[in-house]
Every structure is written in structure tokens, then in C-alpha cells.
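Peer 1: Here it is: the structure, laid out below.
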Amino acid sequence: MADYVYTTVPGKVKALLAKIRQVGIPPKATVQWLKTLGFSSSNDTTLLGVLKFVSLTDSTGVPTAAWTNYRGADYKSVLGDAIRRGYAELFSVYPDATGAARRTWIIFQHEFNRRKTGRHEDYRHI
């Protein structure tokens with residue numbers, strides 16, 4: 001299975017995504033930009049990798065069209081599409097994950113925990 005980008009501060013993802021919809025579009029998503037939004041912990045920098053992995057930013061941190069679209073009325077759909085693209089291999093293994101947002105979040109958390117602890121859990125039963 002592919003290596004997936006993750007964050008060491010998963011509890012801050014929701015807050016960051018809310019900020020992206022509230023503030024202006026930066027020329028580049030950087031550590032300094034995160035700090036201006038209040039994400040000043042050294043661990044918060046891992047959030048930038050997640051934004052890149054789901055293509056909200058390009059490889060240099062410049063916001064993409066998906067970032068702009070995420071700020072619109074269809075933000076939930078845009079984010080869902082971005083997550084499914086970024087984690088396409090995971091979704092190919094668990095194709096029904098798209099049917100329920102709660103299941104998708106649980107799978108994401110399990111994958112994060114697997115990377116953090118090294119334990120492989122079978123979460124197909126969820």
C-alpha cells in the first residue's frame with residue numbers, strides 16, 4: 001500500500017479547513033501563513049503536507065483551483081473529491097468508504113494511528 005501523508009495534529013484539521021473558508025487566499029501556504037492563523041505549534045506544520053496531498057495546494061504550497069472551489073457553496077463536495085483523489089488507493093481497497101462520511105473519518109483515523117503506532121488493524125468491518 002502507498003505511503004499516505006498524515007498530520008500529527010489531526011484535531012486541528014477541521015479548524016484549519018474552517019479558516020481556509022474564512023480568510024483570504026494566500027499567495028502560498030507556508031509555516032508563516034499558518035502562524036498568522038494561530039497554528040503556531042511546530043507540529044502544525046504537518047498540516048501543510050495534508051493540504052498538498054489532497055491537492056488544495058500544489059507541490060510548492062500555492063493554492064490550487066480546488067482551494068478556491070473549497071471556499072464556495074459546494075465546499076463539502078470539493079473536499080470529499082480532494083480526499084478521494086489524494087487517498088485514491090485507500091478508497092480502491094475500501095470502495096464503499098465514500099458512502100458514509102463517518103466511516104471515511106474512522107478509516108482516516110485508523111490509517112493515521114497505523115502510521116503513528118505501526119500497528120496494522122483490519123478496519124474493513126467498520
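Ligands are numbered from 1 in the order shown, chains are lettered A, B, ... in the order of the C-alpha cells, and residues start at 1 in each chain.
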Any idea what's packed within 6 Å of segment 21-35 of chain A, counting only C-alpha atoms, ignoring anything in its chain fewer than 6 positions away? Could you give it as a PyMOL selection string?

Peer 2: chain A and resi 61-62+71

Peer 1: Rounded to one decimal, what separation in Å do you get between atom CA of Val9 of chain A and atom CA of Asp44 of chain A?

Peer 2: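 According to the coordinates, atom CA of Val9 of chain A and atom CA of Asp44 of chain A are separated by 6.4 Å.
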
Peer 1: Neighbouring residues of Leu56 of chain A were defined as those with any atom within 12 Å, considering only C-alpha atoms; residues of the same chain fewer than 2 positions away were excluded. Please report them as a PyMOL selection string.

Peer 2: chain A and resi 17+20+25+28-29+47-54+58-71+75+78-83+85-86

Peer 1: May I ask for the distance between atom CA of Arg84 of chain A and atom CA of Val13 of chain A, given in Å to one decimal place?

Peer 2: 16.3 Å

Peer 1: Can you work out the spacing between atom CA of Ile107 of chain A and atom CA of Ala88 of chain A in Å, to one decimal?

Peer 2: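 Those two atoms sit 13.0 Å apart.
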
Peer 1: Using only C-alpha atoms, which residues sit within 10 Å of Pro10 of chain A once same-chain residues fewer than 3 positions away are excluded, as a list in words?

Peer 2: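 Here the answer would be Tyr6, Thr7, Val13, Lys14, Ala15, Asp44, Thr46, Leu47, Phe108, Gln109 and Phe112 of chain A.
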
Peer 1: For the residues in the current selection, export all heavy atoms as a short mmCIF file (atom, residue, chain, number, x, y, z; two decimals), in the first residue's frame.

Peer 2:
```
data_model
loop_
_atom_site.label_atom_id
_atom_site.label_comp_id
_atom_site.auth_asym_id
_atom_site.auth_seq_id
_atom_site.Cartn_x
_atom_site.Cartn_y
_atom_site.Cartn_z
N TYR A 6 0.09 12.31 6.54
CA TYR A 6 -0.79 12.47 7.69
C TYR A 6 -0.28 13.65 8.51
O TYR A 6 0.79 14.19 8.25
CB TYR A 6 -0.85 11.19 8.54
CG TYR A 6 0.48 10.81 9.13
CD1 TYR A 6 0.83 11.20 10.42
CD2 TYR A 6 1.40 10.07 8.40
CE1 TYR A 6 2.05 10.86 10.96
CE2 TYR A 6 2.62 9.71 8.94
CZ TYR A 6 2.94 10.10 10.22
OH TYR A 6 4.15 9.77 10.75
N THR A 7 -1.06 14.02 9.49
CA THR A 7 -0.67 15.10 10.37
C THR A 7 -0.56 14.58 11.79
O THR A 7 -1.28 13.66 12.18
CB THR A 7 -1.68 16.26 10.31
OG1 THR A 7 -1.28 17.27 11.26
CG2 THR A 7 -3.10 15.82 10.61
N VAL A 13 -7.29 19.77 12.00
CA VAL A 13 -7.64 19.78 10.57
C VAL A 13 -8.94 20.54 10.34
O VAL A 13 -9.03 21.40 9.46
CB VAL A 13 -7.74 18.35 10.00
CG1 VAL A 13 -8.31 18.35 8.60
CG2 VAL A 13 -6.38 17.68 10.03
N LYS A 14 -9.95 20.24 11.14
CA LYS A 14 -11.26 20.89 10.98
C LYS A 14 -11.14 22.41 11.14
O LYS A 14 -11.71 23.17 10.36
CB LYS A 14 -12.25 20.31 11.98
CG LYS A 14 -13.66 20.77 11.78
CD LYS A 14 -14.61 20.03 12.72
CE LYS A 14 -16.03 20.46 12.50
NZ LYS A 14 -16.97 19.73 13.37
N ALA A 15 -10.38 22.85 12.13
CA ALA A 15 -10.21 24.28 12.37
C ALA A 15 -9.48 24.95 11.20
O ALA A 15 -9.83 26.05 10.78
CB ALA A 15 -9.45 24.52 13.67
N ASP A 44 2.13 21.79 13.93
CA ASP A 44 1.12 22.29 12.99
C ASP A 44 1.63 22.31 11.56
O ASP A 44 0.85 22.29 10.61
CB ASP A 44 0.66 23.69 13.40
CG ASP A 44 -0.13 23.69 14.70
OD1 ASP A 44 -0.55 22.61 15.16
OD2 ASP A 44 -0.32 24.79 15.27
N THR A 46 2.76 20.02 9.93
CA THR A 46 2.35 18.80 9.21
C THR A 46 1.02 19.00 8.49
O THR A 46 0.69 18.23 7.58
CB THR A 46 2.27 17.59 10.16
OG1 THR A 46 1.30 17.83 11.18
CG2 THR A 46 3.62 17.29 10.79
N LEU A 47 0.27 20.01 8.86
CA LEU A 47 -0.99 20.31 8.18
C LEU A 47 -0.74 20.70 6.72
O LEU A 47 -1.56 20.42 5.84
CB LEU A 47 -1.74 21.43 8.90
CG LEU A 47 -2.26 21.09 10.30
CD1 LEU A 47 -2.65 22.36 11.05
CD2 LEU A 47 -3.42 20.12 10.22
N PHE A 108 -9.78 7.13 8.06
CA PHE A 108 -8.69 8.10 8.08
C PHE A 108 -7.97 8.05 9.43
O PHE A 108 -6.75 8.02 9.49
CB PHE A 108 -9.26 9.49 7.81
CG PHE A 108 -8.21 10.56 7.72
CD1 PHE A 108 -7.52 10.76 6.54
CD2 PHE A 108 -7.92 11.37 8.80
CE1 PHE A 108 -6.55 11.75 6.44
CE2 PHE A 108 -6.96 12.36 8.71
CZ PHE A 108 -6.27 12.55 7.53
N GLN A 109 -8.73 8.00 10.52
CA GLN A 109 -8.13 7.94 11.85
C GLN A 109 -7.35 6.65 12.05
O GLN A 109 -6.27 6.65 12.61
CB GLN A 109 -9.21 8.08 12.92
CG GLN A 109 -9.76 9.48 13.02
CD GLN A 109 -10.87 9.57 14.03
OE1 GLN A 109 -11.75 8.72 14.09
NE2 GLN A 109 -10.82 10.59 14.87
N PHE A 112 -4.12 6.97 10.23
CA PHE A 112 -3.23 7.83 11.00
C PHE A 112 -2.61 7.05 12.16
O PHE A 112 -1.41 7.08 12.38
CB PHE A 112 -3.99 9.06 11.53
CG PHE A 112 -3.21 9.83 12.55
CD1 PHE A 112 -2.17 10.66 12.17
CD2 PHE A 112 -3.49 9.71 13.90
CE1 PHE A 112 -1.43 11.36 13.10
CE2 PHE A 112 -2.76 10.40 14.84
CZ PHE A 112 -1.74 11.23 14.45
#
```

Peer 1: Name the residues of segment 14-61 of chain A that come out as alpha helix (DSSP H) in a backbone DSSP run; write them as a PyMOL selection string.

Peer 2: chain A and resi 14-22+31-36+46-53

Peer 1: Keeping C-alpha atoms, export the residues of the selection given above as a PDB file, in the first residue's frame.

Peer 2:
```
ATOM      1  CA  LYS A  14     -11.256  20.894  10.977  1.00  0.00           C
ATOM      2  CA  ALA A  15     -10.208  24.284  12.367  1.00  0.00           C
ATOM      3  CA  LEU A  16      -7.732  24.830   9.532  1.00  0.00           C
ATOM      4  CA  LEU A  17     -10.315  23.934   6.910  1.00  0.00           C
ATOM      5  CA  ALA A  18     -12.733  26.404   8.506  1.00  0.00           C
ATOM      6  CA  LYS A  19     -10.052  29.122   8.421  1.00  0.00           C
ATOM      7  CA  ILE A  20      -9.382  28.443   4.726  1.00  0.00           C
ATOM      8  CA  ARG A  21     -13.020  29.286   4.037  1.00  0.00           C
ATOM      9  CA  GLN A  22     -12.929  32.417   6.234  1.00  0.00           C
ATOM     10  CA  VAL A  31       4.594  27.929   8.040  1.00  0.00           C
ATOM     11  CA  GLN A  32       4.402  31.707   8.468  1.00  0.00           C
ATOM     12  CA  TRP A  33       0.892  31.746   6.970  1.00  0.00           C
ATOM     13  CA  LEU A  34      -0.161  29.008   9.417  1.00  0.00           C
ATOM     14  CA  LYS A  35       1.208  31.083  12.290  1.00  0.00           C
ATOM     15  CA  THR A  36      -0.857  34.111  11.216  1.00  0.00           C
ATOM     16  CA  THR A  46       2.353  18.801   9.213  1.00  0.00           C
ATOM     17  CA  LEU A  47      -0.990  20.308   8.176  1.00  0.00           C
ATOM     18  CA  LEU A  48       0.721  21.750   5.100  1.00  0.00           C
ATOM     19  CA  GLY A  49       1.594  18.263   3.875  1.00  0.00           C
ATOM     20  CA  VAL A  50      -2.043  17.213   4.101  1.00  0.00           C
ATOM     21  CA  LEU A  51      -3.127  20.257   2.071  1.00  0.00           C
ATOM     22  CA  LYS A  52      -0.606  19.281  -0.613  1.00  0.00           C
ATOM     23  CA  PHE A  53      -1.545  15.607  -0.570  1.00  0.00           C
TER      24      PHE A  53
END
```
